[in-house]
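Notes follow once the structure below has been shown.
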Amino acid sequence: MNKQIQDAYIVAVARTPVAKRRGAFRNVRPDDMLAHVLRSVVEKAPGLALNEIGDVIVGCAMPEAEQGMNVARIGLLLAGFPDTIPGITINRFCSSGVNAVADAARRIQLGEADVMIGAGTESMSAMPQMMGNKVAMNPAFFERRENIAIAYGMGLTAEKVAQQYGISREEQDALAMRSHQKACAAIAAGRFRGEISPYLVREHVPDFGSSAVRVVERLVESDEGPRPDSSPEGLAKLKPIFSVKGSVTAGNSSQMSDGAAAVLLMSESALKRYNLTPVARYCGFEVAGVPPEVMGIGPIAAIPKVLKSVGISQEALDWIELNEAFAAQALAVMKTLDLDPDKVNPLGGAIALGHPLGATGAIRVATLASAMQHDPKLRYGLITMCIGTGMGAAGLFERV
């Protein structure tokens, strides 16, 4: 029997603050961060029967070590959810979090569930290196020229994009500066308060005077990355880190970070049943492939694809969350597609706010949903990002 496609709506969002790698969350497990946001997001839907959640889909870019063993299922059990609720971990690198939200929405659209959670979690502090807990690269990647970017990392792809698209060091530093300025202004104005669920960090510290162990607690309430003291002069002093004669620096690249986010979605019938008001409607999600050596241009292919599938023009977009993996690639995307700078990352991007890989997409959905609650003039919002190994993703949402 054919089922009619139904709409999927965002009801609530919750995220942790984003901490620097080996910062506030250096000793916090990624499954505990996930459990925290799962508890937080369902608390925003009073009366929700947890056993009605059809599935918990969680994005994670490095699903191993502390965030292995199907971290989705581990996280929901740690959150105290009924053991009847299943969980699945997915990985599409940097787009994993928004991919999880899209997959959750599609399950609702197909009538397979009325209540779903899409989420993401990532602790880059838990990983000994950028490429995960244990790197076991296929030797063929070192032999084939077209795959060299996969073998040697994404920093070189940013240098390649800067060269190919004529992005100067000065332009990259200027975007980085704007990212910090916008993020600091957003924090000062309390723009992230509605989406952030403060996290209580507990650490065990030895007291050598009494030979006892003290429990030290600290409530983390705000993102750790934005730097109010960031300056053009300071950014200009930083040396390139991937190529001696390059232009990509630590200052104009995204910050390695820790964080998690969860998005609660429902069908229209579930909204009526629980008497809840939705924030946004899921419209569509698309992924496209590009050459791995210029993986940062992925959104150039993905954005037109999702706009075409949904049937709206680029001019109809009111808010664009373009993940700043590197300033070079963000600028290449903006210039090629002629994106309105005023609509791109109005509250700052990953250069300032951080990029906890598989969690970032869900975090950006939380920011977009909060912006839609804050500003009734917004209608269409886009989440887009480049993806390691040469892909781009774009998800589209409409305010309701």
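Ordering of the structure tokens sets the chain letters (A, B, ...), residue numbers begin anew at 1 in every chain, and ligands are numbered from 1 in the order given.
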Report as a Markdown table the residues of stretch 19-66 of chain A within 10 Å of stretch 123-138 of chain A, each with its shortest atom pair and distance in Å (one decimal), using only C-alpha atoms, ordered by chain and increasing residue number.
| residue | atom | partner | partner_atom | distance |
| --- | --- | --- | --- | --- |
| A:Ala19 | CA | A:Ser123 | CA | 9.4 |
| A:Lys20 | CA | A:Ser125 | CA | 8.4 |
| A:Arg21 | CA | A:Ser125 | CA | 5.0 |
| A:Arg22 | CA | A:Ser125 | CA | 5.1 |
| A:Gly23 | CA | A:Ser125 | CA | 8.1 |
| A:Phe25 | CA | A:Ser125 | CA | 7.8 |
| A:Arg26 | CA | A:Ser125 | CA | 5.6 |
| A:Asn27 | CA | A:Ser125 | CA | 8.0 |
| A:Val28 | CA | A:Ser123 | CA | 8.1 |
| A:Arg29 | CA | A:Ser123 | CA | 7.2 |
| A:Pro30 | CA | A:Ser123 | CA | 5.4 |
| A:Asp31 | CA | A:Ser123 | CA | 9.1 |
| A:Met33 | CA | A:Ser123 | CA | 8.9 |
| A:Cys60 | CA | A:Ser123 | CA | 9.2 |
| A:Ala61 | CA | A:Gly132 | CA | 8.7 |
| A:Met62 | CA | A:Gly132 | CA | 5.8 |
| A:Pro63 | CA | A:Gly132 | CA | 8.5 |
| A:Glu64 | CA | A:Asn133 | CA | 6.7 |
| A:Ala65 | CA | A:Asn133 | CA | 6.6 |
| A:Glu66 | CA | A:Ala126 | CA | 6.8 |
Write out the residues from the selection above, keeping N, CA and C atoms, as a compact mmCIF listing (two decimals), in the first residue's frame.
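Output file part_24.txt follows:
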# COMPACT_ATOMS: atom_id res chain seq x y z
N ALA A 19 33.16 23.49 22.90
CA ALA A 19 34.42 23.72 23.61
C ALA A 19 35.60 23.49 22.68
N LYS A 20 36.69 24.16 22.97
CA LYS A 20 37.91 23.93 22.22
C LYS A 20 38.43 22.52 22.48
N ARG A 21 39.14 21.97 21.52
CA ARG A 21 39.78 20.68 21.74
C ARG A 21 40.71 20.79 22.94
N ARG A 22 40.56 19.86 23.86
CA ARG A 22 41.30 19.83 25.12
C ARG A 22 41.02 21.08 25.96
N GLY A 23 39.80 21.58 25.80
CA GLY A 23 39.36 22.72 26.59
C GLY A 23 38.42 22.29 27.69
N PHE A 25 35.73 20.62 27.77
CA PHE A 25 35.20 19.25 27.72
C PHE A 25 36.29 18.20 27.50
N ARG A 26 37.52 18.53 27.86
CA ARG A 26 38.64 17.61 27.58
C ARG A 26 38.46 16.25 28.25
N ASN A 27 37.78 16.22 29.38
CA ASN A 27 37.57 14.96 30.08
C ASN A 27 36.11 14.50 30.03
N VAL A 28 35.33 15.10 29.13
CA VAL A 28 33.92 14.72 29.00
C VAL A 28 33.77 13.75 27.83
N ARG A 29 33.11 12.65 28.09
CA ARG A 29 32.93 11.64 27.05
C ARG A 29 31.89 12.09 26.03
N PRO A 30 32.08 11.74 24.75
CA PRO A 30 31.11 12.11 23.72
C PRO A 30 29.75 11.46 23.90
N ASP A 31 29.71 10.25 24.48
CA ASP A 31 28.40 9.62 24.71
C ASP A 31 27.67 10.32 25.86
N MET A 33 27.98 13.63 26.43
CA MET A 33 27.48 14.86 25.80
C MET A 33 26.20 14.56 25.03
N CYS A 60 28.36 11.06 13.57
CA CYS A 60 29.67 11.08 14.22
C CYS A 60 30.72 10.82 13.14
N ALA A 61 31.70 11.72 13.02
CA ALA A 61 32.68 11.60 11.95
C ALA A 61 33.77 10.58 12.25
N MET A 62 34.04 10.33 13.52
CA MET A 62 35.05 9.34 13.91
C MET A 62 34.43 8.39 14.92
N PRO A 63 33.57 7.49 14.46
CA PRO A 63 32.83 6.61 15.39
C PRO A 63 33.68 5.45 15.90
N GLU A 64 34.67 5.79 16.70
CA GLU A 64 35.57 4.78 17.26
C GLU A 64 35.99 5.21 18.66
N ALA A 65 36.69 4.32 19.35
CA ALA A 65 37.15 4.59 20.72
C ALA A 65 35.98 5.02 21.60
N GLU A 66 36.09 6.15 22.29
CA GLU A 66 35.03 6.58 23.21
C GLU A 66 33.70 6.88 22.52
Give me the stretch 183-291 of chain A side of the contact with stretch 46-51 of chain A, cut-off 10 Å, one line per residue showing its nearest atom pair and distance in Å at one decimal, counting only C-alpha atoms, sorted by chain and residue number, as CSV.
residue,atom,partner,partner_atom,distance
A:Ala270,CA,A:Leu48,CA,9.4
A:Arg273,CA,A:Leu48,CA,9.5
A:Tyr274,CA,A:Gly47,CA,6.8
A:Asn275,CA,A:Pro46,CA,9.4
A:Leu276,CA,A:Pro46,CA,8.6
Could you dump the residues just selected with C-alpha atoms as a PDB file, in the first residue's frame?
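So part-v7.pdb came out as:
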ATOM      1  CA  ALA A 270       2.061  14.027  16.512  1.00  0.00           C
ATOM      2  CA  ARG A 273      -1.592  14.903  19.632  1.00  0.00           C
ATOM      3  CA  TYR A 274       0.849  16.677  21.934  1.00  0.00           C
ATOM      4  CA  ASN A 275      -0.449  20.178  21.238  1.00  0.00           C
ATOM      5  CA  LEU A 276       2.997  21.427  20.225  1.00  0.00           C
TER       6      LEU A 276
END
May I have all residues of stretch 102-280 of chain A that DSSP, computed from the backbone, assigns to strand (DSSP E), given as a count of residues only?
-> 39
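Between A:Ala330 and the candidates A:Ala113, A:Ile167, A:Val290, A:Val98, the tightest atom-to-atom separation, counting only C-alpha atoms, involves A:Ile167.
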Among the residues A:Ala359, A:Ile300, A:Ala316, A:Val344, the one that comes closest to A:Ser179 [using only C-alpha atoms] | A:Val344
What lies within 8 Å of A:Leu357 using only C-alpha atoms, ignoring chain neighbours under 2 positions off, as a ChimeraX atom specification?
-> /A:60-61,93-96,122,257,355,359-360
At what distance in Å, to one decimal, does atom CA of A:Phe397 lie from atom CA of A:Arg39?
-> 23.9 Å
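Take atom CA of A:Asp103 and atom CA of A:Asn70: the distance between them is 16.5 Å.
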Exercise: stretch 229-236 of chain A partners within 12 Å, only C-alpha atoms, chain neighbours under 5 positions left out, as a ChimeraX atom specification | /A:169-184,247-253,351-352
Selected residues written out, N, CA and C atoms, as a compact mmCIF listing (two decimals), in the first residue's frame:
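Now in selection.txt:
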# COMPACT_ATOMS: atom_id res chain seq x y z
N ARG A 169 45.43 35.69 1.03
CA ARG A 169 45.60 35.57 2.49
C ARG A 169 44.81 36.68 3.20
N GLU A 170 44.82 37.88 2.64
CA GLU A 170 44.13 39.00 3.26
C GLU A 170 42.62 38.76 3.31
N GLU A 171 42.07 38.19 2.25
CA GLU A 171 40.63 37.88 2.23
C GLU A 171 40.29 36.82 3.28
N GLN A 172 41.14 35.83 3.40
CA GLN A 172 40.89 34.76 4.36
C GLN A 172 40.93 35.30 5.79
N ASP A 173 41.92 36.12 6.09
CA ASP A 173 42.02 36.69 7.43
C ASP A 173 40.85 37.63 7.73
N ALA A 174 40.40 38.36 6.71
CA ALA A 174 39.27 39.27 6.91
C ALA A 174 37.99 38.50 7.23
N LEU A 175 37.78 37.37 6.55
CA LEU A 175 36.60 36.55 6.87
C LEU A 175 36.71 35.99 8.27
N ALA A 176 37.90 35.54 8.65
CA ALA A 176 38.11 35.02 10.00
C ALA A 176 37.81 36.09 11.05
N MET A 177 38.26 37.29 10.79
CA MET A 177 38.01 38.40 11.72
C MET A 177 36.52 38.65 11.87
N ARG A 178 35.79 38.67 10.74
CA ARG A 178 34.34 38.89 10.79
C ARG A 178 33.65 37.77 11.55
N SER A 179 34.14 36.55 11.40
CA SER A 179 33.54 35.41 12.08
C SER A 179 33.60 35.60 13.59
N HIS A 180 34.76 36.01 14.10
CA HIS A 180 34.91 36.24 15.54
C HIS A 180 34.07 37.42 15.99
N GLN A 181 34.05 38.48 15.21
CA GLN A 181 33.26 39.66 15.59
C GLN A 181 31.78 39.33 15.68
N LYS A 182 31.26 38.61 14.70
CA LYS A 182 29.84 38.26 14.70
C LYS A 182 29.50 37.30 15.84
N ALA A 183 30.39 36.33 16.08
CA ALA A 183 30.13 35.36 17.15
C ALA A 183 30.16 36.03 18.52
N CYS A 184 31.13 36.91 18.74
CA CYS A 184 31.21 37.61 20.03
C CYS A 184 29.99 38.50 20.24
N SER A 247 48.74 30.06 2.32
CA SER A 247 47.99 31.16 2.94
C SER A 247 47.02 30.69 4.01
N VAL A 248 46.93 29.38 4.22
CA VAL A 248 46.01 28.82 5.20
C VAL A 248 46.72 28.71 6.55
N THR A 249 46.16 29.36 7.57
CA THR A 249 46.75 29.37 8.90
C THR A 249 45.78 28.83 9.93
N ALA A 250 46.26 28.67 11.15
CA ALA A 250 45.36 28.25 12.23
C ALA A 250 44.28 29.30 12.47
N GLY A 251 44.58 30.55 12.16
CA GLY A 251 43.63 31.63 12.40
C GLY A 251 42.51 31.71 11.40
N ASN A 252 42.74 31.26 10.16
CA ASN A 252 41.67 31.29 9.17
C ASN A 252 41.15 29.90 8.81
N SER A 253 41.34 28.98 9.75
CA SER A 253 40.78 27.62 9.64
C SER A 253 39.80 27.39 10.79
N ILE A 351 35.08 29.12 12.17
CA ILE A 351 36.39 29.68 12.51
C ILE A 351 36.36 30.24 13.92
N ALA A 352 35.24 30.80 14.31
CA ALA A 352 35.09 31.34 15.67
C ALA A 352 34.39 30.37 16.60
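With only C-alpha atoms as the atoms that count, the minimum distance from A:Met266 to the choices A:Asp114, A:Asp55, A:Glu143, A:Glu159 is reached by A:Asp114.
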Tell me, in Å to one decimal, how far atom CA of A:Gly97 is from atom CA of A:Met295.
-> 18.2 Å
Compile the contact shell of stretch 365-374 of chain A as a count of residues only: residues with an atom at most 10 Å away, counting only C-alpha atoms, same-chain residues fewer than 3 positions apart removed.
-> 46
With a distance cut-off of 10 Å and only C-alpha atoms, select the neighbouring residues of A:Leu337, excluding the residue or stretch itself and same-chain residues fewer than 6 positions from it, and output the selection as a ChimeraX atom specification.
-> /A:299-301,303-304,314,331
Residues from the last selection, C-alpha atoms, saved as a PDB file, in the first residue's frame:
ATOM      1  CA  PRO A 299      28.596  23.302  -1.400  1.00  0.00           C
ATOM      2  CA  ILE A 300      28.966  24.786  -4.900  1.00  0.00           C
ATOM      3  CA  ALA A 301      27.495  21.530  -6.207  1.00  0.00           C
ATOM      4  CA  ILE A 303      23.350  24.080  -2.909  1.00  0.00           C
ATOM      5  CA  PRO A 304      21.904  24.309  -6.453  1.00  0.00           C
ATOM      6  CA  GLN A 314      18.673  31.088  -4.279  1.00  0.00           C
ATOM      7  CA  LEU A 331      35.035  32.385   0.215  1.00  0.00           C
TER       8      LEU A 331
END
Residue with smallest distance to A:Leu219 - pool A:Thr121, A:Thr336, A:Ser267, A:Thr16, counting only C-alpha atoms | A:Thr16
